[in-house]
$ cat upload_25.cif   # mmCIF, C-alpha atoms and all ligand atoms
data_protein
loop_
_atom_site.group_PDB
_atom_site.id
_atom_site.type_symbol
_atom_site.label_atom_id
_atom_site.label_comp_id
_atom_site.auth_asym_id
_atom_site.auth_seq_id
_atom_site.Cartn_x
_atom_site.Cartn_y
_atom_site.Cartn_z
ATOM 1 C CA MET A 1 0.000 0.000 0.000
ATOM 2 C CA MET A 2 1.279 3.471 -0.818
ATOM 3 C CA HIS A 3 0.263 7.009 0.089
ATOM 4 C CA VAL A 4 1.185 10.453 -1.255
ATOM 5 C CA VAL A 5 1.972 13.980 -0.149
ATOM 6 C CA LEU A 6 0.547 16.038 -2.988
ATOM 7 C CA TYR A 7 2.377 19.298 -3.719
ATOM 8 C CA ARG A 8 2.079 21.882 -6.438
ATOM 9 C CA PRO A 9 4.751 23.301 -8.761
ATOM 10 C CA ASN A 10 6.903 25.909 -6.966
ATOM 11 C CA LEU A 11 5.471 25.060 -3.560
ATOM 12 C CA GLY A 12 6.258 22.228 -1.245
ATOM 13 C CA LYS A 13 8.733 20.062 -3.135
ATOM 14 C CA ARG A 14 11.243 20.019 -0.271
ATOM 15 C CA PRO A 15 8.680 19.533 2.547
ATOM 16 C CA ALA A 16 7.022 16.726 0.562
ATOM 17 C CA HIS A 17 10.370 14.963 0.088
ATOM 18 C CA LEU A 18 11.387 15.469 3.726
ATOM 19 C CA ILE A 19 8.078 14.010 4.956
ATOM 20 C CA SER A 20 8.422 11.084 2.569
ATOM 21 C CA GLU A 21 11.978 10.354 3.812
ATOM 22 C CA ALA A 22 10.925 10.479 7.464
ATOM 23 C CA SER A 23 7.766 8.389 7.063
ATOM 24 C CA LYS A 24 7.767 4.681 7.938
ATOM 25 C CA LYS A 25 4.619 4.131 5.881
ATOM 26 C CA ASN A 26 5.601 4.483 2.213
ATOM 27 C CA ILE A 27 4.373 8.049 1.745
ATOM 28 C CA GLN A 28 5.639 9.237 -1.669
ATOM 29 C CA PRO A 29 5.977 12.844 -2.880
ATOM 30 C CA GLN A 30 3.584 13.486 -5.791
ATOM 31 C CA LEU A 31 3.687 16.626 -7.903
ATOM 32 C CA SER A 32 0.102 17.624 -8.676
ATOM 33 C CA THR A 33 0.791 18.045 -12.415
ATOM 34 C CA ASP A 34 2.575 14.668 -12.842
ATOM 35 C CA PRO A 35 0.712 11.482 -13.848
ATOM 36 C CA TRP A 36 -0.218 9.158 -10.965
ATOM 37 C CA LYS A 37 1.678 5.878 -11.327
ATOM 38 C CA GLU A 38 0.041 4.031 -8.459
ATOM 39 C CA LYS A 39 -3.200 4.383 -6.572
ATOM 40 C CA PRO A 40 -2.574 5.758 -3.110
ATOM 41 C CA GLU A 41 -4.743 5.040 -0.089
ATOM 42 C CA PHE A 42 -4.066 8.308 1.790
ATOM 43 C CA VAL A 43 -3.517 11.622 -0.010
ATOM 44 C CA PHE A 44 -2.104 14.453 2.101
ATOM 45 C CA ARG A 45 -2.686 17.757 0.337
ATOM 46 C CA TRP A 46 0.291 20.076 0.848
ATOM 47 C CA GLY A 47 -1.509 23.377 0.203
ATOM 48 C CA THR A 48 -2.743 22.285 -3.211
ATOM 49 C CA THR A 49 -6.359 22.223 -4.345
ATOM 50 C CA SER A 50 -5.721 20.289 -7.567
ATOM 51 C CA ASP A 51 -7.960 17.374 -8.559
ATOM 52 C CA ILE A 52 -7.312 13.900 -7.177
ATOM 53 C CA PRO A 53 -8.251 10.985 -9.456
ATOM 54 C CA ASP A 54 -10.961 8.778 -7.862
ATOM 55 C CA SER A 55 -10.819 10.917 -4.737
ATOM 56 C CA ASP A 56 -13.851 9.122 -3.298
ATOM 57 C CA LYS A 57 -11.757 5.929 -3.132
ATOM 58 C CA ARG A 58 -8.989 7.525 -1.020
ATOM 59 C CA VAL A 59 -8.658 9.183 2.337
ATOM 60 C CA VAL A 60 -8.022 12.810 1.424
ATOM 61 C CA VAL A 61 -6.329 14.703 4.242
ATOM 62 C CA ASN A 62 -7.206 18.404 3.982
ATOM 63 C CA PHE A 63 -10.193 18.863 1.739
ATOM 64 C CA THR A 64 -10.049 21.446 -1.046
ATOM 65 C CA LYS A 65 -12.950 23.373 0.462
ATOM 66 C CA SER A 66 -11.067 23.730 3.772
ATOM 67 C CA ILE A 67 -7.935 24.982 1.979
ATOM 68 C CA TYR A 68 -10.016 27.557 0.072
ATOM 69 C CA LYS A 69 -11.743 28.634 3.259
ATOM 70 C CA THR A 70 -8.499 29.348 5.111
ATOM 71 C CA SER A 71 -6.657 30.799 2.126
ATOM 72 C CA ASP A 72 -9.203 33.621 1.984
ATOM 73 C CA LYS A 73 -7.126 35.132 4.781
ATOM 74 C CA GLY A 74 -9.374 38.152 5.343
ATOM 75 C CA ALA A 75 -12.600 36.181 5.553
ATOM 76 C CA PHE A 76 -11.119 33.548 7.837
ATOM 77 C CA ARG A 77 -9.522 36.125 10.112
ATOM 78 C CA LYS A 78 -12.877 37.929 10.346
ATOM 79 C CA LYS A 79 -14.574 34.665 11.300
ATOM 80 C CA MET A 80 -11.948 34.009 13.965
ATOM 81 C CA SER A 81 -12.204 37.608 15.183
ATOM 82 C CA ASP A 82 -15.952 37.134 15.709
ATOM 83 C CA MET A 83 -15.012 34.185 17.932
ATOM 84 C CA LYS A 84 -12.442 36.263 19.834
ATOM 85 C CA LEU A 85 -9.601 34.138 18.475
ATOM 86 C CA ALA A 86 -8.076 36.816 16.189
ATOM 87 C CA PRO A 87 -7.493 40.590 16.318
ATOM 88 C CA ARG A 88 -10.646 42.633 15.740
ATOM 89 C CA THR A 89 -11.291 42.541 11.989
ATOM 90 C CA SER A 90 -13.564 44.261 9.492
ATOM 91 C CA LEU A 91 -14.169 43.433 5.835
ATOM 92 C CA SER A 92 -15.959 46.714 5.122
ATOM 93 C CA LEU A 93 -14.780 50.307 5.343
ATOM 94 C CA VAL A 94 -18.367 51.473 5.898
ATOM 95 C CA GLU A 95 -18.733 49.164 8.894
ATOM 96 C CA PHE A 96 -15.289 50.101 10.185
ATOM 97 C CA CYS A 97 -16.031 53.838 10.055
ATOM 98 C CA LYS A 98 -19.119 53.377 12.253
ATOM 99 C CA ASP A 99 -16.913 52.143 15.102
ATOM 100 C CA PRO A 100 -13.252 52.614 14.158
ATOM 101 C CA PHE A 101 -10.353 51.005 15.974
ATOM 102 C CA ILE A 102 -6.854 52.412 15.338
ATOM 103 C CA PRO A 103 -4.037 51.536 14.617
ATOM 104 C CA VAL A 104 -4.779 48.846 12.066
ATOM 105 C CA ILE A 105 -3.236 46.761 9.328
ATOM 106 C CA VAL A 106 -4.939 46.878 5.926
ATOM 107 C CA ARG A 107 -4.290 43.997 3.536
ATOM 108 C CA PRO A 108 -5.810 42.403 0.437
ATOM 109 C CA ARG A 109 -7.997 39.418 1.362
ATOM 110 C CA GLY A 110 -5.462 36.946 0.025
ATOM 111 C CA HIS A 111 -1.750 37.335 0.806
ATOM 112 C CA GLN A 112 1.530 35.573 1.516
ATOM 113 C CA ARG A 113 5.122 36.170 2.647
ATOM 114 C CA SER A 114 4.208 39.387 4.533
ATOM 115 C CA GLU A 115 3.616 41.197 1.236
ATOM 116 C CA ASN A 116 1.048 44.005 0.909
ATOM 117 C CA LEU A 117 0.816 44.783 4.584
ATOM 118 C CA PHE A 118 -0.092 48.397 5.361
ATOM 119 C CA PHE A 119 0.039 49.876 8.836
ATOM 120 C CA CYS A 120 -2.350 52.833 9.327
ATOM 121 C CA ASP A 121 -2.552 54.922 12.487
ATOM 122 C CA ASN A 122 -5.219 57.403 11.388
ATOM 123 C CA LEU A 123 -8.633 57.177 9.802
ATOM 124 C CA SER A 124 -7.829 59.036 6.580
ATOM 125 C CA ASP A 125 -4.948 56.628 5.854
ATOM 126 C CA VAL A 126 -7.264 53.673 6.389
ATOM 127 C CA VAL A 127 -9.839 55.143 4.010
ATOM 128 C CA ALA A 128 -7.218 55.956 1.351
ATOM 129 C CA ARG A 129 -5.666 52.493 1.589
ATOM 130 C CA CYS A 130 -8.954 50.572 1.432
ATOM 131 C CA GLN A 131 -10.089 52.624 -1.550
ATOM 132 C CA LYS A 132 -7.183 51.191 -3.522
ATOM 133 C CA TYR A 133 -9.052 47.868 -3.449
ATOM 134 C CA HIS A 134 -12.519 47.025 -4.710
ATOM 135 C CA GLU A 135 -15.220 46.615 -2.059
ATOM 136 C CA GLY A 136 -14.728 43.209 -0.455
ATOM 137 C CA GLY A 137 -11.138 42.983 -1.725
ATOM 138 C CA TYR A 138 -9.391 43.992 1.532
ATOM 139 C CA TYR A 139 -9.564 43.510 5.271
ATOM 140 C CA ILE A 140 -8.809 45.784 8.196
ATOM 141 C CA SER A 141 -7.447 44.258 11.370
ATOM 142 C CA GLU A 142 -6.517 45.795 14.687
ATOM 143 C CA TYR A 143 -2.763 46.162 15.051
ATOM 144 C CA ILE A 144 -1.491 44.233 18.071
ATOM 145 C CA GLU A 145 1.822 45.419 19.494
ATOM 146 C CA LYS A 146 3.181 41.933 19.996
ATOM 147 C CA ASP A 147 5.321 40.679 22.878
ATOM 148 C CA SER A 148 5.980 37.452 21.006
ATOM 149 C CA GLU A 149 4.850 35.296 18.104
ATOM 150 C CA TYR A 150 4.624 31.552 17.498
ATOM 151 C CA ARG A 151 3.809 29.043 14.783
ATOM 152 C CA VAL A 152 1.937 25.970 16.025
ATOM 153 C CA PHE A 153 1.535 22.854 13.892
ATOM 154 C CA VAL A 154 -1.732 21.056 14.599
ATOM 155 C CA ALA A 155 -2.833 17.698 13.168
ATOM 156 C CA GLN A 156 -6.052 15.928 14.204
ATOM 157 C CA GLY A 157 -6.635 18.643 16.812
ATOM 158 C CA ARG A 158 -3.298 17.906 18.529
ATOM 159 C CA VAL A 159 0.014 19.759 18.488
ATOM 160 C CA ALA A 160 3.105 18.346 16.765
ATOM 161 C CA TRP A 161 5.460 21.277 17.328
ATOM 162 C CA VAL A 162 5.708 24.890 18.366
ATOM 163 C CA ILE A 163 8.285 27.394 17.122
ATOM 164 C CA LYS A 164 8.915 30.899 18.363
ATOM 165 C CA LYS A 165 9.614 33.611 15.802
ATOM 166 C CA LEU A 166 12.727 35.703 16.265
ATOM 167 C CA PRO A 167 12.329 39.010 14.410
ATOM 168 C CA VAL A 168 15.466 40.940 13.537
ATOM 169 C CA ASP A 169 13.762 44.014 14.976
ATOM 170 C CA LYS A 170 10.849 43.698 17.410
ATOM 171 C CA LYS A 171 9.525 47.027 16.106
ATOM 172 C CA GLU A 172 8.877 45.460 12.672
ATOM 173 C CA ILE A 173 5.192 45.039 11.889
ATOM 174 C CA SER A 174 5.627 41.595 10.352
ATOM 175 C CA TRP A 175 7.484 38.893 12.233
ATOM 176 C CA GLY A 176 6.555 36.406 9.492
ATOM 177 C CA CYS A 177 10.113 35.548 8.471
ATOM 178 C CA VAL A 178 9.921 31.779 9.052
ATOM 179 C CA SER A 179 11.750 30.855 5.862
ATOM 180 C CA ASP A 180 14.713 33.042 6.843
ATOM 181 C CA GLY A 181 15.441 30.549 9.605
ATOM 182 C CA SER A 182 14.805 33.188 12.224
ATOM 183 C CA PHE A 183 12.866 31.040 14.639
ATOM 184 C CA GLU A 184 13.611 28.755 17.557
ATOM 185 C CA TYR A 185 12.309 25.434 18.765
ATOM 186 C CA VAL A 186 10.056 25.562 21.815
ATOM 187 C CA ALA A 187 10.500 22.524 24.085
ATOM 188 C CA TRP A 188 7.276 20.672 24.974
ATOM 189 C CA GLY A 189 7.344 21.754 28.617
ATOM 190 C CA ASP A 190 7.735 25.407 27.559
ATOM 191 C CA TRP A 191 4.723 25.496 25.222
ATOM 192 C CA PRO A 192 2.674 28.612 26.069
ATOM 193 C CA ILE A 193 -0.689 27.023 26.855
ATOM 194 C CA HIS A 194 -2.841 29.987 25.777
ATOM 195 C CA VAL A 195 -1.084 29.945 22.382
ATOM 196 C CA VAL A 196 -1.580 26.197 21.951
ATOM 197 C CA LYS A 197 -5.269 26.485 22.887
ATOM 198 C CA ASN A 198 -5.778 29.342 20.431
ATOM 199 C CA ALA A 199 -4.225 27.273 17.607
ATOM 200 C CA ILE A 200 -6.296 24.163 18.418
ATOM 201 C CA ASN A 201 -9.508 26.215 18.558
ATOM 202 C CA VAL A 202 -8.713 27.924 15.270
ATOM 203 C CA MET A 203 -8.012 24.567 13.629
ATOM 204 C CA SER A 204 -11.332 23.170 14.831
ATOM 205 C CA HIS A 205 -13.133 26.001 12.990
ATOM 206 C CA SER A 206 -10.984 25.629 9.875
ATOM 207 C CA THR A 207 -12.206 22.072 9.090
ATOM 208 C CA LEU A 208 -8.610 21.339 8.029
ATOM 209 C CA ASP A 209 -7.028 18.099 9.232
ATOM 210 C CA PHE A 210 -3.630 19.725 9.615
ATOM 211 C CA GLY A 211 -2.083 23.193 9.407
ATOM 212 C CA ALA A 212 0.399 25.580 10.996
ATOM 213 C CA VAL A 213 -1.222 28.486 12.806
ATOM 214 C CA ASP A 214 0.583 31.824 13.220
ATOM 215 C CA VAL A 215 -0.284 33.184 16.656
ATOM 216 C CA ILE A 216 0.688 36.588 18.078
ATOM 217 C CA VAL A 217 0.789 37.287 21.806
ATOM 218 C CA LYS A 218 0.277 40.340 23.920
ATOM 219 C CA GLY A 219 0.285 39.698 27.650
ATOM 220 C CA ASP A 220 -2.076 36.844 28.450
ATOM 221 C CA LYS A 221 -3.927 37.195 25.113
ATOM 222 C CA ALA A 222 -3.236 35.086 22.029
ATOM 223 C CA TYR A 223 -4.558 35.960 18.577
ATOM 224 C CA MET A 224 -4.350 33.953 15.361
ATOM 225 C CA CYS A 225 -3.086 35.618 12.161
ATOM 226 C CA GLU A 226 -3.482 32.834 9.605
ATOM 227 C CA VAL A 227 -3.313 29.101 8.969
ATOM 228 C CA ASN A 228 -0.567 27.810 6.654
ATOM 229 C CA THR A 229 -1.466 24.649 4.748
ATOM 230 C CA ALA A 230 2.029 24.293 3.226
ATOM 231 C CA PRO A 231 4.439 25.610 5.883
ATOM 232 C CA TYR A 232 8.213 25.902 5.564
ATOM 233 C CA LEU A 233 9.946 22.870 7.138
ATOM 234 C CA THR A 234 13.358 21.708 8.261
ATOM 235 C CA PRO A 235 14.029 17.946 8.547
ATOM 236 C CA TYR A 236 13.192 17.855 12.272
ATOM 237 C CA TYR A 237 9.790 19.513 11.817
ATOM 238 C CA ALA A 238 9.042 17.377 8.761
ATOM 239 C CA GLY A 239 9.859 14.297 10.877
ATOM 240 C CA CYS A 240 7.246 15.268 13.469
ATOM 241 C CA ILE A 241 4.666 15.788 10.734
ATOM 242 C CA ALA A 242 5.532 12.402 9.214
ATOM 243 C CA LYS A 243 4.732 10.843 12.609
ATOM 244 C CA THR A 244 1.247 12.382 12.602
ATOM 245 C CA PHE A 245 0.658 11.249 9.000
ATOM 246 C CA ASP A 246 1.897 7.716 9.807
ATOM 247 C CA TYR A 247 -0.449 7.677 12.804
ATOM 248 C CA MET A 248 -3.454 8.489 10.590
ATOM 249 C CA ILE A 249 -2.459 5.703 8.212
ATOM 250 C CA SER A 250 -2.015 3.166 11.067
ATOM 251 C CA LYS A 251 -5.413 4.026 12.533
ATOM 252 C CA GLY A 252 -7.026 4.174 9.092
ATOM 253 C CA SER A 253 -8.524 7.526 10.085
ATOM 254 C CA LYS A 254 -7.735 11.233 10.044
ATOM 255 C CA ASP A 255 -10.322 12.004 12.740
ATOM 256 C CA ARG A 256 -9.669 14.577 15.434
ATOM 257 C CA ILE A 257 -8.291 13.140 18.643
ATOM 258 C CA PRO A 258 -10.462 14.395 21.511
ATOM 259 C CA LEU A 259 -8.877 16.473 24.261
ATOM 260 C CA GLU A 260 -9.421 14.743 27.572
ATOM 261 C CA ASP A 261 -8.079 17.528 29.752
ATOM 262 C CA ASN A 262 -6.542 20.853 28.886
ATOM 263 C CA LYS A 263 -4.030 21.822 31.465
ATOM 264 C CA THR A 264 -0.490 20.964 30.403
ATOM 265 C CA TRP A 265 1.404 20.260 27.176
ATOM 266 C CA LYS A 266 0.805 16.532 27.788
ATOM 267 C CA ASP A 267 -2.913 17.067 27.150
ATOM 268 C CA PHE A 268 -2.315 18.799 23.808
ATOM 269 C CA ILE A 269 0.567 16.945 22.189
ATOM 270 C CA HIS A 270 -0.151 14.554 19.311
ATOM 271 C CA PRO A 271 0.154 11.006 20.742
ATOM 272 C CA GLU A 272 2.553 9.799 18.056
ATOM 273 C CA VAL A 273 4.900 12.758 18.585
ATOM 274 C CA ALA A 274 4.805 12.196 22.359
ATOM 275 C CA LYS A 275 5.852 8.538 21.976
ATOM 276 C CA GLY A 276 9.230 7.880 23.516
ATOM 277 C CA ALA A 277 8.986 10.948 25.780
HETATM 278 N N1 LIG A 301 -3.149 42.505 13.310
HETATM 279 C C1 LIG A 301 -1.841 42.316 13.453
HETATM 280 N N2 LIG A 301 -1.170 42.856 14.509
HETATM 281 C C2 LIG A 301 0.164 42.676 14.631
HETATM 282 N N3 LIG A 301 0.924 41.992 13.764
HETATM 283 C C3 LIG A 301 0.313 41.426 12.693
HETATM 284 C C4 LIG A 301 -1.094 41.548 12.489
HETATM 285 N N4 LIG A 301 -1.412 40.912 11.326
HETATM 286 C C5 LIG A 301 -0.252 40.397 10.847
HETATM 287 N N5 LIG A 301 0.790 40.707 11.663
HETATM 288 C C6 LIG A 301 2.203 40.350 11.461
HETATM 289 O O1 LIG A 301 2.393 40.146 10.076
HETATM 290 C C7 LIG A 301 2.889 38.823 9.843
HETATM 291 C C8 LIG A 301 2.352 38.280 8.536
HETATM 292 O O2 LIG A 301 0.947 38.129 8.619
HETATM 293 P P1 LIG A 301 0.230 36.768 8.257
HETATM 294 O O3 LIG A 301 0.912 35.624 8.895
HETATM 295 O O4 LIG A 301 -1.223 36.939 8.543
HETATM 296 O O5 LIG A 301 0.349 36.731 6.679
HETATM 297 P P2 LIG A 301 1.347 36.282 5.519
HETATM 298 O O6 LIG A 301 1.965 37.512 4.936
HETATM 299 O O7 LIG A 301 0.532 35.480 4.592
HETATM 300 O O8 LIG A 301 2.338 35.369 6.258
HETATM 301 P P3 LIG A 301 3.851 34.949 6.204
HETATM 302 O O9 LIG A 301 4.697 36.181 6.287
HETATM 303 O O10 LIG A 301 3.915 34.095 7.450
HETATM 304 O O11 LIG A 301 3.993 34.166 4.944
HETATM 305 C C9 LIG A 301 2.476 38.013 11.067
HETATM 306 O O12 LIG A 301 3.368 36.937 11.241
HETATM 307 C C10 LIG A 301 2.577 39.065 12.170
HETATM 308 O O13 LIG A 301 3.904 39.208 12.643
HETATM 309 MG MG MG A 302 2.147 34.052 8.413
#
$ encode --input "upload_25.cif" --output "structure tokens"
Amino acid sequence: MMHVVLYRPNLGKRPAHLISEASKKNIQPQLSTDPWKEKPEFVFRWGTTSDIPDSDKRVVVNFTKSIYKTSDKGAFRKKMSDMKLAPRTSLSLVEFCKDPFIPVIVRPRGHQRSENLFFCDNLSDVVARCQKYHEGGYYISEYIEKDSEYRVFVAQGRVAWVIKKLPVDKKEISWGCVSDGSFEYVAWGDWPIHVVKNAINVMSHSTLDFGAVDVIVKGDKAYMCEVNTAPYLTPYYAGCIAKTFDYMISKGSKDRIPLEDNKTWKDFIHPEVAKGA
């Protein structure tokens, strides 16, 4: 039996190969535009929404509709903001002007790599910036002066790893920078619990089976920024993800693993990652 990590051209080749190398379950990398040689049982979508032949005969991990839902970054952040899991967010300038909150970040609804990120600390700037987009083409979100920022990888409602972002300058608006290698590993016992809970909650609303949630922190508050369905990986982090994928294959299911308690890292960690602890 074989399985695939499906990736798209220009995105995810290295992560897909790293996961394949670390897996003990014959997970092969599959480029979405290449012909399928064999029929896989499990298909793990690495950020791609391309068609899967006979998809009803396979276990598809991360449905297309869930990837679309979270890649509309503005709409998903607004949804999470309504649930108090993200900074206050508005999709409409008219609505925003009725009850403005300043400073804010204005961005197009879809974005990546910290591009097109506009900080505005007065109302006329917000208006001018939003008017550069068509109605519904932007979002406005409250600027949080962060103390820290994390990326949390969640699979089946459990955490595989947490990294802490290390910005060159803490005054920078974006601490995105994961692919520059400017991040550090957070040991299990040091996982900030409010951050981990935020990420797990966000993932439960995303309907994704796995994803890496960017979470910013101010004091005792944690706010999501976005969910990455094809995050940057080093071999160690890919190895942890391979464990969660192997676990799904062994159990024959990608179902969420219920949380029995929610007090310490032991209650949140993915069981396969925790093995050997
Ligand atoms: N409302 C906010 N308040 C403070 N900082 C924010 C806010 N929104 C975004 N940021 C900063 O901008 C960075 C990039 O935003 P986000 O992760 O949503 O989008 P991206 O550009 O698609 O991501 P990436 O840079 O991770 O590829 C975040 O990591 C965070 O540091
Ligand atoms: Mg991000």
$ closest_atom_pairs --input "upload_25.cif" --of "stretch 125-157 of chain A" --to "stretch 214-218 of chain A" --cutoff "6 Å" --atoms "only C-alpha atoms" --output "CSV"
residue,atom,partner,partner_atom,distance
A:Lys146,CA,A:Lys218,CA,5.1
A:Asp147,CA,A:Lys218,CA,5.2
A:Ser148,CA,A:Val217,CA,5.3
A:Glu149,CA,A:Ile216,CA,4.4
A:Tyr150,CA,A:Val215,CA,5.2
A:Arg151,CA,A:Asp214,CA,4.5
$ write_last_selection --input "upload_25.cif" --atoms "C-alpha atoms" --output "PDB file, in the coordinates of the input"
ATOM      1  CA  LYS A 146       3.181  41.933  19.996  1.00  0.00           C
ATOM      2  CA  ASP A 147       5.321  40.679  22.878  1.00  0.00           C
ATOM      3  CA  SER A 148       5.980  37.452  21.006  1.00  0.00           C
ATOM      4  CA  GLU A 149       4.850  35.296  18.104  1.00  0.00           C
ATOM      5  CA  TYR A 150       4.624  31.552  17.498  1.00  0.00           C
ATOM      6  CA  ARG A 151       3.809  29.043  14.783  1.00  0.00           C
TER       7      ARG A 151
END
$ atom_distance --input "upload_25.cif" --atom1 "atom CA of A:Ala230" --atom2 "atom CA of A:Ile193"
23.9 Å
$ resolve_selection --input "upload_25.cif" --expression "the PyMOL selection byres (((chain A and resi 86-103) around 9) and not hetatm)" --output "VMD selection string"
chain A and resid 74 to 75 77 to 85 104 to 105 109 119 to 123 126 to 127 130 to 131 135 to 144 198 202 215 to 216 222 to 226
$ write_last_selection --input "upload_25.cif" --atoms "C-alpha atoms" --output "compact mmCIF listing (two decimals), in the coordinates of the input"
# COMPACT_ATOMS: atom_id res chain seq x y z
CA GLY A 74 -9.37 38.15 5.34
CA ALA A 75 -12.60 36.18 5.55
CA ARG A 77 -9.52 36.12 10.11
CA LYS A 78 -12.88 37.93 10.35
CA LYS A 79 -14.57 34.66 11.30
CA MET A 80 -11.95 34.01 13.96
CA SER A 81 -12.20 37.61 15.18
CA ASP A 82 -15.95 37.13 15.71
CA MET A 83 -15.01 34.18 17.93
CA LYS A 84 -12.44 36.26 19.83
CA LEU A 85 -9.60 34.14 18.48
CA VAL A 104 -4.78 48.85 12.07
CA ILE A 105 -3.24 46.76 9.33
CA ARG A 109 -8.00 39.42 1.36
CA PHE A 119 0.04 49.88 8.84
CA CYS A 120 -2.35 52.83 9.33
CA ASP A 121 -2.55 54.92 12.49
CA ASN A 122 -5.22 57.40 11.39
CA LEU A 123 -8.63 57.18 9.80
CA VAL A 126 -7.26 53.67 6.39
CA VAL A 127 -9.84 55.14 4.01
CA CYS A 130 -8.95 50.57 1.43
CA GLN A 131 -10.09 52.62 -1.55
CA GLU A 135 -15.22 46.62 -2.06
CA GLY A 136 -14.73 43.21 -0.46
CA GLY A 137 -11.14 42.98 -1.72
CA TYR A 138 -9.39 43.99 1.53
CA TYR A 139 -9.56 43.51 5.27
CA ILE A 140 -8.81 45.78 8.20
CA SER A 141 -7.45 44.26 11.37
CA GLU A 142 -6.52 45.80 14.69
CA TYR A 143 -2.76 46.16 15.05
CA ILE A 144 -1.49 44.23 18.07
CA ASN A 198 -5.78 29.34 20.43
CA VAL A 202 -8.71 27.92 15.27
CA VAL A 215 -0.28 33.18 16.66
CA ILE A 216 0.69 36.59 18.08
CA ALA A 222 -3.24 35.09 22.03
CA TYR A 223 -4.56 35.96 18.58
CA MET A 224 -4.35 33.95 15.36
CA CYS A 225 -3.09 35.62 12.16
CA GLU A 226 -3.48 32.83 9.60
$ closest_residue --input "upload_25.cif" --among "A:Ala187, A:Val60, A:Val213, A:Ala16" --to "ligand MG 302 (chain A)" --atoms "only C-alpha atoms and all ligand atoms"
A:Val213
$ atom_distance --input "upload_25.cif" --atom1 "atom O6 of ligand LIG 301 (chain A)" --atom2 "atom CA of A:Glu115"
5.5 Å
$ closest_residue --input "upload_25.cif" --among "A:Arg58, A:Arg158, A:Lys39, A:Lys165" --to "ligand MG 302 (chain A)" --atoms "all atoms listed in the file"
A:Lys165
$ resolve_selection --input "upload_25.cif" --expression "the PyMOL selection byres (((chain A and resi 110) around 8) and not hetatm)" --output "mmCIF file with C-alpha atoms, in the coordinates of the input"
data_model
loop_
_atom_site.group_PDB
_atom_site.id
_atom_site.type_symbol
_atom_site.label_atom_id
_atom_site.label_comp_id
_atom_site.auth_asym_id
_atom_site.auth_seq_id
_atom_site.Cartn_x
_atom_site.Cartn_y
_atom_site.Cartn_z
ATOM 1 C CA SER A 71 -6.657 30.799 2.126
ATOM 2 C CA ASP A 72 -9.203 33.621 1.984
ATOM 3 C CA LYS A 73 -7.126 35.132 4.781
ATOM 4 C CA GLY A 74 -9.374 38.152 5.343
ATOM 5 C CA ARG A 107 -4.290 43.997 3.536
ATOM 6 C CA PRO A 108 -5.810 42.403 0.437
ATOM 7 C CA ARG A 109 -7.997 39.418 1.362
ATOM 8 C CA HIS A 111 -1.750 37.335 0.806
ATOM 9 C CA GLN A 112 1.530 35.573 1.516
#
$ closest_residue --input "upload_25.cif" --among "A:Lys25, A:Arg14, A:Lys251, A:Arg113" --to "ligand MG 302 (chain A)" --atoms "all atoms listed in the file"
A:Arg113
$ closest_residue --input "upload_25.cif" --among "A:Trp36, A:Phe63, A:Phe183, A:Phe44" --to "A:Ala242" --atoms "all atoms listed in the file"
A:Phe44
$ closest_residue --input "upload_25.cif" --among "A:Ala22, A:Ile27, A:Val43, A:Val4" --to "A:Ser253" --atoms "only C-alpha atoms"
A:Val43
$ closest_residue --input "upload_25.cif" --among "A:Pro258, A:Gly219, A:Pro231, A:Gly176" --to "ligand LIG 301 (chain A)" --atoms "only C-alpha atoms and all ligand atoms"
A:Gly176
$ residues_around --input "upload_25.cif" --residues "A:Lys171" --least-positions-apart "3" --cutoff "10 Å" --atoms "all atoms listed in the file" --output "ChimeraX atom specification"
/A:145-146,167-168,174-175
$ build_atoms --input "upload_25.cif" --residues "stretch 12-18 of chain A" --atoms "N, CA, C and O atoms" --output "PDB file, in the coordinates of the input"
ATOM      1  N   GLY A  12       6.378  23.439  -2.039  1.00  0.00           N
ATOM      2  CA  GLY A  12       6.258  22.228  -1.245  1.00  0.00           C
ATOM      3  C   GLY A  12       7.076  21.036  -1.686  1.00  0.00           C
ATOM      4  O   GLY A  12       6.964  19.965  -1.108  1.00  0.00           O
ATOM      5  N   LYS A  13       7.934  21.213  -2.686  1.00  0.00           N
ATOM      6  CA  LYS A  13       8.733  20.062  -3.135  1.00  0.00           C
ATOM      7  C   LYS A  13       9.607  19.531  -1.985  1.00  0.00           C
ATOM      8  O   LYS A  13       9.604  18.346  -1.674  1.00  0.00           O
ATOM      9  N   ARG A  14      10.342  20.451  -1.357  1.00  0.00           N
ATOM     10  CA  ARG A  14      11.243  20.019  -0.271  1.00  0.00           C
ATOM     11  C   ARG A  14      10.466  19.441   0.916  1.00  0.00           C
ATOM     12  O   ARG A  14      10.784  18.332   1.369  1.00  0.00           O
ATOM     13  N   PRO A  15       9.444  20.132   1.452  1.00  0.00           N
ATOM     14  CA  PRO A  15       8.680  19.533   2.547  1.00  0.00           C
ATOM     15  C   PRO A  15       8.126  18.150   2.185  1.00  0.00           C
ATOM     16  O   PRO A  15       8.200  17.209   2.982  1.00  0.00           O
ATOM     17  N   ALA A  16       7.604  18.012   0.954  1.00  0.00           N
ATOM     18  CA  ALA A  16       7.022  16.726   0.562  1.00  0.00           C
ATOM     19  C   ALA A  16       8.090  15.629   0.570  1.00  0.00           C
ATOM     20  O   ALA A  16       7.847  14.509   1.034  1.00  0.00           O
ATOM     21  N   HIS A  17       9.289  15.955   0.093  1.00  0.00           N
ATOM     22  CA  HIS A  17      10.370  14.963   0.088  1.00  0.00           C
ATOM     23  C   HIS A  17      10.855  14.668   1.507  1.00  0.00           C
ATOM     24  O   HIS A  17      11.148  13.515   1.840  1.00  0.00           O
ATOM     25  N   LEU A  18      10.938  15.690   2.338  1.00  0.00           N
ATOM     26  CA  LEU A  18      11.387  15.469   3.726  1.00  0.00           C
ATOM     27  C   LEU A  18      10.403  14.577   4.486  1.00  0.00           C
ATOM     28  O   LEU A  18      10.792  13.684   5.235  1.00  0.00           O
TER      29      LEU A  18
END
